[in-house]
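Trainee: One file is attached below, my_file.cif, containing mmCIF, N, CA and C atoms.
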data_final
#
loop_
_atom_site.group_PDB
_atom_site.id
_atom_site.type_symbol
_atom_site.label_atom_id
_atom_site.label_comp_id
_atom_site.auth_asym_id
_atom_site.auth_seq_id
_atom_site.Cartn_x
_atom_site.Cartn_y
_atom_site.Cartn_z
ATOM 1 N N MET A 27 66.697 -18.479 -33.267
ATOM 2 C CA MET A 27 65.344 -18.724 -32.827
ATOM 3 C C MET A 27 65.318 -19.815 -31.756
ATOM 4 N N ALA A 28 66.198 -20.790 -31.868
ATOM 5 C CA ALA A 28 66.208 -21.865 -30.884
ATOM 6 C C ALA A 28 66.644 -21.353 -29.516
ATOM 7 N N ILE A 29 67.622 -20.456 -29.507
ATOM 8 C CA ILE A 29 68.100 -19.929 -28.229
ATOM 9 C C ILE A 29 67.024 -19.090 -27.562
ATOM 10 N N SER A 30 66.410 -18.207 -28.310
ATOM 11 C CA SER A 30 65.368 -17.371 -27.698
ATOM 12 C C SER A 30 64.141 -18.188 -27.356
ATOM 13 N N GLY A 31 63.814 -19.170 -28.174
ATOM 14 C CA GLY A 31 62.639 -19.978 -27.901
ATOM 15 C C GLY A 31 62.811 -20.924 -26.731
ATOM 16 N N GLY A 32 64.012 -21.406 -26.526
ATOM 17 C CA GLY A 32 64.231 -22.389 -25.478
ATOM 18 C C GLY A 32 64.884 -21.865 -24.221
ATOM 19 N N ALA A 33 65.561 -20.726 -24.307
ATOM 20 C CA ALA A 33 66.307 -20.236 -23.158
ATOM 21 C C ALA A 33 65.795 -18.909 -22.611
ATOM 22 N N ILE A 34 65.147 -18.130 -23.430
ATOM 23 C CA ILE A 34 64.718 -16.808 -22.977
ATOM 24 C C ILE A 34 63.221 -16.753 -22.689
ATOM 25 N N ILE A 35 62.412 -17.302 -23.571
ATOM 26 C CA ILE A 35 60.962 -17.207 -23.435
ATOM 27 C C ILE A 35 60.424 -17.968 -22.205
ATOM 28 N N PRO A 36 60.836 -19.211 -21.926
ATOM 29 C CA PRO A 36 60.290 -19.897 -20.746
ATOM 30 C C PRO A 36 60.531 -19.181 -19.411
ATOM 31 N N PRO A 37 61.723 -18.625 -19.140
ATOM 32 C CA PRO A 37 61.868 -17.889 -17.879
ATOM 33 C C PRO A 37 60.983 -16.634 -17.814
ATOM 34 N N ILE A 38 60.827 -15.955 -18.954
ATOM 35 C CA ILE A 38 59.940 -14.785 -18.966
ATOM 36 C C ILE A 38 58.511 -15.212 -18.671
ATOM 37 N N TYR A 39 58.076 -16.299 -19.314
ATOM 38 C CA TYR A 39 56.732 -16.829 -19.069
ATOM 39 C C TYR A 39 56.566 -17.216 -17.598
ATOM 40 N N GLY A 40 57.568 -17.862 -17.020
ATOM 41 C CA GLY A 40 57.500 -18.268 -15.611
ATOM 42 C C GLY A 40 57.402 -17.085 -14.670
ATOM 43 N N LYS A 41 58.157 -16.034 -14.943
ATOM 44 C CA LYS A 41 58.089 -14.843 -14.082
ATOM 45 C C LYS A 41 56.729 -14.175 -14.172
ATOM 46 N N ILE A 42 56.154 -14.143 -15.378
ATOM 47 C CA ILE A 42 54.827 -13.557 -15.533
ATOM 48 C C ILE A 42 53.791 -14.378 -14.771
ATOM 49 N N VAL A 43 53.866 -15.699 -14.883
ATOM 50 C CA VAL A 43 52.923 -16.570 -14.176
ATOM 51 C C VAL A 43 53.072 -16.407 -12.667
ATOM 52 N N ASP A 44 54.306 -16.399 -12.161
ATOM 53 C CA ASP A 44 54.523 -16.255 -10.724
ATOM 54 C C ASP A 44 53.999 -14.925 -10.193
ATOM 55 N N ALA A 45 54.254 -13.858 -10.935
ATOM 56 C CA ALA A 45 53.791 -12.543 -10.486
ATOM 57 C C ALA A 45 52.275 -12.473 -10.469
ATOM 58 N N GLU A 46 51.642 -12.990 -11.514
ATOM 59 C CA GLU A 46 50.182 -12.947 -11.568
ATOM 60 C C GLU A 46 49.564 -13.880 -10.525
ATOM 61 N N LYS A 47 50.208 -15.026 -10.285
ATOM 62 C CA LYS A 47 49.702 -15.959 -9.274
ATOM 63 C C LYS A 47 49.735 -15.316 -7.893
ATOM 64 N N GLN A 48 50.829 -14.647 -7.563
ATOM 65 C CA GLN A 48 50.921 -13.983 -6.260
ATOM 66 C C GLN A 48 49.870 -12.880 -6.119
ATOM 67 N N GLU A 49 49.611 -12.177 -7.206
ATOM 68 C CA GLU A 49 48.587 -11.127 -7.170
ATOM 69 C C GLU A 49 47.205 -11.725 -6.943
ATOM 70 N N LEU A 50 46.917 -12.843 -7.596
ATOM 71 C CA LEU A 50 45.619 -13.492 -7.414
ATOM 72 C C LEU A 50 45.481 -14.075 -6.017
ATOM 73 N N ILE A 51 46.554 -14.641 -5.475
ATOM 74 C CA ILE A 51 46.514 -15.184 -4.121
ATOM 75 C C ILE A 51 46.283 -14.061 -3.110
ATOM 76 N N SER A 52 46.900 -12.912 -3.339
ATOM 77 C CA SER A 52 46.685 -11.785 -2.421
ATOM 78 C C SER A 52 45.257 -11.251 -2.497
ATOM 79 N N ASN A 53 44.563 -11.558 -3.584
ATOM 80 C CA ASN A 53 43.147 -11.180 -3.702
ATOM 81 C C ASN A 53 42.232 -12.287 -3.211
ATOM 82 N N SER A 54 42.754 -13.155 -2.362
ATOM 83 C CA SER A 54 42.042 -14.251 -1.686
ATOM 84 C C SER A 54 41.422 -15.265 -2.642
ATOM 85 N N ILE A 55 42.203 -15.662 -3.640
ATOM 86 C CA ILE A 55 41.824 -16.767 -4.515
ATOM 87 C C ILE A 55 42.691 -17.954 -4.119
ATOM 88 N N GLN A 56 42.110 -19.153 -4.143
ATOM 89 C CA GLN A 56 42.863 -20.338 -3.751
ATOM 90 C C GLN A 56 44.070 -20.523 -4.669
ATOM 91 N N GLU A 57 45.113 -21.156 -4.114
ATOM 92 C CA GLU A 57 46.394 -21.245 -4.831
ATOM 93 C C GLU A 57 46.272 -22.001 -6.139
ATOM 94 N N ILE A 58 45.565 -23.121 -6.166
ATOM 95 C CA ILE A 58 45.464 -23.904 -7.398
ATOM 96 C C ILE A 58 44.669 -23.153 -8.468
ATOM 97 N N ASP A 59 43.617 -22.452 -8.056
ATOM 98 C CA ASP A 59 42.850 -21.649 -9.012
ATOM 99 C C ASP A 59 43.675 -20.472 -9.520
ATOM 100 N N ALA A 60 44.457 -19.884 -8.634
ATOM 101 C CA ALA A 60 45.319 -18.771 -9.035
ATOM 102 C C ALA A 60 46.379 -19.236 -10.030
ATOM 103 N N LEU A 61 46.942 -20.419 -9.800
ATOM 104 C CA LEU A 61 47.962 -20.950 -10.704
ATOM 105 C C LEU A 61 47.390 -21.246 -12.083
ATOM 106 N N THR A 62 46.238 -21.885 -12.134
ATOM 107 C CA THR A 62 45.654 -22.202 -13.441
ATOM 108 C C THR A 62 45.228 -20.936 -14.184
ATOM 109 N N THR A 63 44.681 -19.979 -13.474
ATOM 110 C CA THR A 63 44.280 -18.726 -14.117
ATOM 111 C C THR A 63 45.503 -17.962 -14.609
ATOM 112 N N ALA A 64 46.538 -17.899 -13.795
ATOM 113 C CA ALA A 64 47.750 -17.163 -14.181
ATOM 114 C C ALA A 64 48.451 -17.818 -15.359
ATOM 115 N N SER A 65 48.537 -19.140 -15.367
ATOM 116 C CA SER A 65 49.225 -19.807 -16.477
ATOM 117 C C SER A 65 48.423 -19.725 -17.766
ATOM 118 N N THR A 66 47.115 -19.738 -17.667
ATOM 119 C CA THR A 66 46.288 -19.619 -18.867
ATOM 120 C C THR A 66 46.334 -18.213 -19.444
ATOM 121 N N SER A 67 46.290 -17.214 -18.588
ATOM 122 C CA SER A 67 46.261 -15.844 -19.092
ATOM 123 C C SER A 67 47.640 -15.330 -19.505
ATOM 124 N N SER A 68 48.684 -16.074 -19.228
ATOM 125 C CA SER A 68 50.039 -15.636 -19.590
ATOM 126 C C SER A 68 50.503 -16.173 -20.928
ATOM 127 N N TYR A 69 49.644 -16.854 -21.651
ATOM 128 C CA TYR A 69 50.025 -17.377 -22.960
ATOM 129 C C TYR A 69 50.216 -16.288 -24.004
ATOM 130 N N TRP A 70 49.855 -15.053 -23.706
ATOM 131 C CA TRP A 70 50.020 -13.956 -24.675
ATOM 132 C C TRP A 70 51.489 -13.757 -25.045
ATOM 133 N N ILE A 71 52.397 -14.204 -24.187
ATOM 134 C CA ILE A 71 53.825 -14.057 -24.473
ATOM 135 C C ILE A 71 54.226 -14.875 -25.707
ATOM 136 N N LEU A 72 53.440 -15.881 -26.048
ATOM 137 C CA LEU A 72 53.763 -16.728 -27.188
ATOM 138 C C LEU A 72 53.320 -16.130 -28.518
ATOM 139 N N ILE A 73 52.427 -15.155 -28.500
ATOM 140 C CA ILE A 73 51.911 -14.575 -29.746
ATOM 141 C C ILE A 73 53.033 -13.978 -30.606
ATOM 142 N N PRO A 74 53.952 -13.171 -30.063
ATOM 143 C CA PRO A 74 55.047 -12.673 -30.913
ATOM 144 C C PRO A 74 55.917 -13.796 -31.482
ATOM 145 N N CYS A 75 56.097 -14.867 -30.715
ATOM 146 C CA CYS A 75 56.894 -16.001 -31.204
ATOM 147 C C CYS A 75 56.227 -16.640 -32.420
ATOM 148 N N TYR A 76 54.922 -16.845 -32.327
ATOM 149 C CA TYR A 76 54.199 -17.438 -33.450
ATOM 150 C C TYR A 76 54.164 -16.502 -34.653
ATOM 151 N N ILE A 77 54.123 -15.212 -34.426
ATOM 152 C CA ILE A 77 54.152 -14.256 -35.533
ATOM 153 C C ILE A 77 55.496 -14.320 -36.260
ATOM 154 N N ILE A 78 56.580 -14.433 -35.503
ATOM 155 C CA ILE A 78 57.907 -14.550 -36.116
ATOM 156 C C ILE A 78 58.003 -15.831 -36.947
ATOM 157 N N ILE A 79 57.492 -16.921 -36.414
ATOM 158 C CA ILE A 79 57.504 -18.185 -37.158
ATOM 159 C C ILE A 79 56.663 -18.070 -38.425
ATOM 160 N N LEU A 80 55.502 -17.421 -38.335
ATOM 161 C CA LEU A 80 54.649 -17.234 -39.503
ATOM 162 C C LEU A 80 55.339 -16.375 -40.561
ATOM 163 N N LEU A 81 55.968 -15.289 -40.142
ATOM 164 C CA LEU A 81 56.670 -14.429 -41.097
ATOM 165 C C LEU A 81 57.805 -15.170 -41.795
ATOM 166 N N PHE A 82 58.528 -15.980 -41.036
ATOM 167 C CA PHE A 82 59.590 -16.765 -41.644
ATOM 168 C C PHE A 82 59.022 -17.784 -42.622
ATOM 169 N N ALA A 83 57.892 -18.402 -42.261
ATOM 170 C CA ALA A 83 57.282 -19.397 -43.150
ATOM 171 C C ALA A 83 56.792 -18.766 -44.444
ATOM 172 N N LEU A 84 56.316 -17.530 -44.374
ATOM 173 C CA LEU A 84 55.777 -16.888 -45.570
ATOM 174 C C LEU A 84 56.855 -16.242 -46.434
ATOM 175 N N TRP A 85 57.805 -15.528 -45.815
ATOM 176 C CA TRP A 85 58.758 -14.745 -46.593
ATOM 177 C C TRP A 85 60.229 -15.050 -46.300
ATOM 178 N N GLY A 86 60.564 -15.435 -45.129
ATOM 179 C CA GLY A 86 61.965 -15.551 -44.742
ATOM 180 C C GLY A 86 62.677 -16.780 -45.244
ATOM 181 N N HIS A 87 61.945 -17.765 -45.702
ATOM 182 C CA HIS A 87 62.582 -19.006 -46.128
ATOM 183 C C HIS A 87 63.174 -18.924 -47.529
ATOM 184 N N LYS A 88 62.830 -17.906 -48.282
ATOM 185 C CA LYS A 88 63.303 -17.783 -49.657
ATOM 186 C C LYS A 88 64.779 -17.383 -49.667
ATOM 187 N N VAL A 89 65.561 -18.144 -50.367
ATOM 188 C CA VAL A 89 66.985 -17.859 -50.475
ATOM 189 C C VAL A 89 67.168 -16.806 -51.554
ATOM 190 N N LYS A 90 67.877 -15.755 -51.218
ATOM 191 C CA LYS A 90 68.118 -14.691 -52.182
ATOM 192 C C LYS A 90 69.578 -14.763 -52.613
ATOM 193 N N ILE A 91 69.775 -14.854 -53.878
ATOM 194 C CA ILE A 91 71.129 -14.903 -54.419
ATOM 195 C C ILE A 91 71.459 -13.530 -54.971
ATOM 196 N N TRP A 92 72.542 -12.976 -54.465
ATOM 197 C CA TRP A 92 72.978 -11.655 -54.908
ATOM 198 C C TRP A 92 73.942 -11.838 -56.072
ATOM 199 N N SER A 93 73.633 -11.226 -57.144
ATOM 200 C CA SER A 93 74.537 -11.304 -58.297
ATOM 201 C C SER A 93 74.836 -9.901 -58.799
ATOM 202 N N ARG A 94 76.045 -9.738 -59.286
ATOM 203 C CA ARG A 94 76.446 -8.443 -59.827
ATOM 204 C C ARG A 94 76.254 -8.476 -61.335
ATOM 205 N N LYS A 95 75.677 -7.440 -61.841
ATOM 206 C CA LYS A 95 75.476 -7.367 -63.286
ATOM 207 C C LYS A 95 76.215 -6.203 -63.858
#
So that I can check it, write out the structure of this file as structure tokens.
Mentor:
Amino acid sequence: MAISGGAIIPPIYGKIVDAEKQELISNSIQEIDALTTASTSSYWILIPCYIIILLFALWGHKVKIWSRK
């Protein structure tokens, strides 16, 4: 989780923000407004991350001991 959270997700988020910012700038929106709008609307990428953390908090933390009977 640390590798994907720290090494994979931020570059994906950055590419989404850059692509959306360029699209907004091409639609004649000022650069600073385009950047703030693009960065705010790109937070959806974090929803799956938070869902994974929630699932781990609810069910994944339980240690299961396998025993043979």
Trainee: Rank nothing, just name the residue among A:Ser68, A:His87, A:Ile73, A:Ile78 nearest to Ile42 of chain A, using all atoms listed in the file.
Mentor: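 That would be A:Ser68, the residue with the smallest distance to Ile42 of chain A.
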Trainee: If you run DSSP on the backbone, which residues of chain A are helix (DSSP H, G or I), as a PyMOL selection string?
Mentor: chain A and resi 28-52+57-86
Trainee: Leaving out Ser67 of chain A and any residue of its chain fewer than 4 positions from it, which residues lie within 8 Å of it when counting all atoms listed in the file, given as a PyMOL selection string?
Mentor: chain A and resi 42-43+61-63+71
Trainee: Between atom N of Pro74 of chain A and atom N of Glu57 of chain A, what is the distance in Å, rounded to a tenth?
Mentor: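 The value is 28.6 Å.
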Trainee: When you draw a straight line from atom C of Pro37 of chain A to atom CA of Ile55 of chain A, how long is it in Å?
Mentor: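 Rounded to one decimal, the two atoms are 23.3 Å apart.
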Trainee: Atom CA of Lys88 of chain A and atom CA of Tyr76 of chain A are how many Å apart?
Mentor: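 Separating atom CA of Lys88 of chain A from atom CA of Tyr76 of chain A is a distance of 18.6 Å.
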Trainee: Taking only C-alpha atoms into account, name the residue in A:Ile58, A:Ala28, A:Leu72, A:Ala64 that is nearest to Lys41 of chain A.
Mentor: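 Among the listed residues, the smallest separation from Lys41 of chain A belongs to A:Ala64.
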Trainee: May I ask which of the residues A:Cys75, A:Gln48, A:Ser54, A:Ala60 is the closest one to Pro36 of chain A, counting only C-alpha atoms?
Mentor: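 When distances to Pro36 of chain A are compared using only C-alpha atoms, the smallest one comes from A:Cys75.
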Trainee: Emit a file covering segment 28-41 of chain A of the preceding structure with all heavy atoms, as a PDB file, in the first residue's frame.
Mentor:
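Output saved as decode-v7.pdb:
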ATOM      1  N   ALA A  28       2.008   1.201   0.665  1.00  0.00           N
ATOM      2  CA  ALA A  28       2.871   2.375   0.711  1.00  0.00           C
ATOM      3  C   ALA A  28       3.453   2.683  -0.664  1.00  0.00           C
ATOM      4  O   ALA A  28       3.552   3.846  -1.057  1.00  0.00           O
ATOM      5  CB  ALA A  28       3.987   2.172   1.719  1.00  0.00           C
ATOM      6  N   ILE A  29       3.818   1.640  -1.396  1.00  0.00           N
ATOM      7  CA  ILE A  29       4.395   1.860  -2.722  1.00  0.00           C
ATOM      8  C   ILE A  29       3.358   2.442  -3.666  1.00  0.00           C
ATOM      9  O   ILE A  29       3.608   3.431  -4.364  1.00  0.00           O
ATOM     10  CB  ILE A  29       4.991   0.557  -3.283  1.00  0.00           C
ATOM     11  CG1 ILE A  29       6.211   0.168  -2.456  1.00  0.00           C
ATOM     12  CG2 ILE A  29       5.351   0.712  -4.753  1.00  0.00           C
ATOM     13  CD1 ILE A  29       6.759  -1.184  -2.768  1.00  0.00           C
ATOM     14  N   SER A  30       2.181   1.866  -3.683  1.00  0.00           N
ATOM     15  CA  SER A  30       1.153   2.396  -4.590  1.00  0.00           C
ATOM     16  C   SER A  30       0.672   3.757  -4.136  1.00  0.00           C
ATOM     17  O   SER A  30       0.372   4.621  -4.959  1.00  0.00           O
ATOM     18  CB  SER A  30      -0.019   1.426  -4.692  1.00  0.00           C
ATOM     19  OG  SER A  30      -0.674   1.298  -3.451  1.00  0.00           O
ATOM     20  N   GLY A  31       0.592   3.974  -2.837  1.00  0.00           N
ATOM     21  CA  GLY A  31       0.123   5.257  -2.345  1.00  0.00           C
ATOM     22  C   GLY A  31       1.120   6.381  -2.538  1.00  0.00           C
ATOM     23  O   GLY A  31       0.742   7.529  -2.761  1.00  0.00           O
ATOM     24  N   GLY A  32       2.391   6.069  -2.475  1.00  0.00           N
ATOM     25  CA  GLY A  32       3.399   7.111  -2.560  1.00  0.00           C
ATOM     26  C   GLY A  32       4.113   7.219  -3.886  1.00  0.00           C
ATOM     27  O   GLY A  32       4.683   8.257  -4.213  1.00  0.00           O
ATOM     28  N   ALA A  33       4.087   6.161  -4.689  1.00  0.00           N
ATOM     29  CA  ALA A  33       4.854   6.168  -5.925  1.00  0.00           C
ATOM     30  C   ALA A  33       3.997   6.086  -7.182  1.00  0.00           C
ATOM     31  O   ALA A  33       4.424   6.533  -8.239  1.00  0.00           O
ATOM     32  CB  ALA A  33       5.845   5.003  -5.934  1.00  0.00           C
ATOM     33  N   ILE A  34       2.818   5.543  -7.073  1.00  0.00           N
ATOM     34  CA  ILE A  34       1.998   5.358  -8.269  1.00  0.00           C
ATOM     35  C   ILE A  34       0.863   6.373  -8.355  1.00  0.00           C
ATOM     36  O   ILE A  34       0.626   6.969  -9.410  1.00  0.00           O
ATOM     37  CB  ILE A  34       1.444   3.915  -8.307  1.00  0.00           C
ATOM     38  CG1 ILE A  34       2.603   2.933  -8.426  1.00  0.00           C
ATOM     39  CG2 ILE A  34       0.462   3.732  -9.452  1.00  0.00           C
ATOM     40  CD1 ILE A  34       2.218   1.490  -8.291  1.00  0.00           C
ATOM     41  N   ILE A  35       0.165   6.599  -7.260  1.00  0.00           N
ATOM     42  CA  ILE A  35      -1.004   7.473  -7.271  1.00  0.00           C
ATOM     43  C   ILE A  35      -0.648   8.946  -7.560  1.00  0.00           C
ATOM     44  O   ILE A  35      -1.325   9.574  -8.372  1.00  0.00           O
ATOM     45  CB  ILE A  35      -1.798   7.328  -5.958  1.00  0.00           C
ATOM     46  CG1 ILE A  35      -2.273   5.885  -5.768  1.00  0.00           C
ATOM     47  CG2 ILE A  35      -2.981   8.288  -5.912  1.00  0.00           C
ATOM     48  CD1 ILE A  35      -3.180   5.364  -6.858  1.00  0.00           C
ATOM     49  N   PRO A  36       0.375   9.546  -6.937  1.00  0.00           N
ATOM     50  CA  PRO A  36       0.671  10.953  -7.241  1.00  0.00           C
ATOM     51  C   PRO A  36       0.986  11.245  -8.714  1.00  0.00           C
ATOM     52  O   PRO A  36       0.487  12.244  -9.247  1.00  0.00           O
ATOM     53  CB  PRO A  36       1.860  11.278  -6.336  1.00  0.00           C
ATOM     54  CG  PRO A  36       1.680  10.368  -5.186  1.00  0.00           C
ATOM     55  CD  PRO A  36       1.155   9.089  -5.776  1.00  0.00           C
ATOM     56  N   PRO A  37       1.778  10.420  -9.419  1.00  0.00           N
ATOM     57  CA  PRO A  37       1.981  10.712 -10.843  1.00  0.00           C
ATOM     58  C   PRO A  37       0.690  10.590 -11.668  1.00  0.00           C
ATOM     59  O   PRO A  37       0.476  11.371 -12.603  1.00  0.00           O
ATOM     60  CB  PRO A  37       3.006   9.673 -11.292  1.00  0.00           C
ATOM     61  CG  PRO A  37       3.720   9.284 -10.063  1.00  0.00           C
ATOM     62  CD  PRO A  37       2.710   9.371  -8.974  1.00  0.00           C
ATOM     63  N   ILE A  38      -0.155   9.619 -11.313  1.00  0.00           N
ATOM     64  CA  ILE A  38      -1.434   9.497 -12.024  1.00  0.00           C
ATOM     65  C   ILE A  38      -2.282  10.737 -11.787  1.00  0.00           C
ATOM     66  O   ILE A  38      -2.867  11.299 -12.717  1.00  0.00           O
ATOM     67  CB  ILE A  38      -2.177   8.221 -11.583  1.00  0.00           C
ATOM     68  CG1 ILE A  38      -1.427   6.985 -12.046  1.00  0.00           C
ATOM     69  CG2 ILE A  38      -3.603   8.204 -12.114  1.00  0.00           C
ATOM     70  CD1 ILE A  38      -1.976   5.689 -11.494  1.00  0.00           C
ATOM     71  N   TYR A  39      -2.337  11.180 -10.528  1.00  0.00           N
ATOM     72  CA  TYR A  39      -3.084  12.395 -10.192  1.00  0.00           C
ATOM     73  C   TYR A  39      -2.524  13.599 -10.951  1.00  0.00           C
ATOM     74  O   TYR A  39      -3.273  14.405 -11.495  1.00  0.00           O
ATOM     75  CB  TYR A  39      -3.024  12.638  -8.683  1.00  0.00           C
ATOM     76  CG  TYR A  39      -3.659  13.926  -8.250  1.00  0.00           C
ATOM     77  CD1 TYR A  39      -5.038  14.056  -8.179  1.00  0.00           C
ATOM     78  CD2 TYR A  39      -2.886  15.032  -7.901  1.00  0.00           C
ATOM     79  CE1 TYR A  39      -5.620  15.236  -7.783  1.00  0.00           C
ATOM     80  CE2 TYR A  39      -3.459  16.212  -7.507  1.00  0.00           C
ATOM     81  CZ  TYR A  39      -4.824  16.310  -7.450  1.00  0.00           C
ATOM     82  OH  TYR A  39      -5.402  17.501  -7.057  1.00  0.00           O
ATOM     83  N   GLY A  40      -1.206  13.718 -11.019  1.00  0.00           N
ATOM     84  CA  GLY A  40      -0.578  14.838 -11.731  1.00  0.00           C
ATOM     85  C   GLY A  40      -0.895  14.835 -13.213  1.00  0.00           C
ATOM     86  O   GLY A  40      -1.154  15.882 -13.800  1.00  0.00           O
ATOM     87  N   LYS A  41      -0.882  13.664 -13.828  1.00  0.00           N
ATOM     88  CA  LYS A  41      -1.206  13.590 -15.261  1.00  0.00           C
ATOM     89  C   LYS A  41      -2.654  13.966 -15.519  1.00  0.00           C
ATOM     90  O   LYS A  41      -2.965  14.621 -16.509  1.00  0.00           O
ATOM     91  CB  LYS A  41      -0.907  12.196 -15.801  1.00  0.00           C
ATOM     92  CG  LYS A  41       0.573  11.935 -15.916  1.00  0.00           C
ATOM     93  CD  LYS A  41       0.861  10.592 -16.523  1.00  0.00           C
ATOM     94  CE  LYS A  41       2.363  10.391 -16.471  1.00  0.00           C
ATOM     95  NZ  LYS A  41       2.915   9.749 -17.597  1.00  0.00           N
TER      96      LYS A  41
END
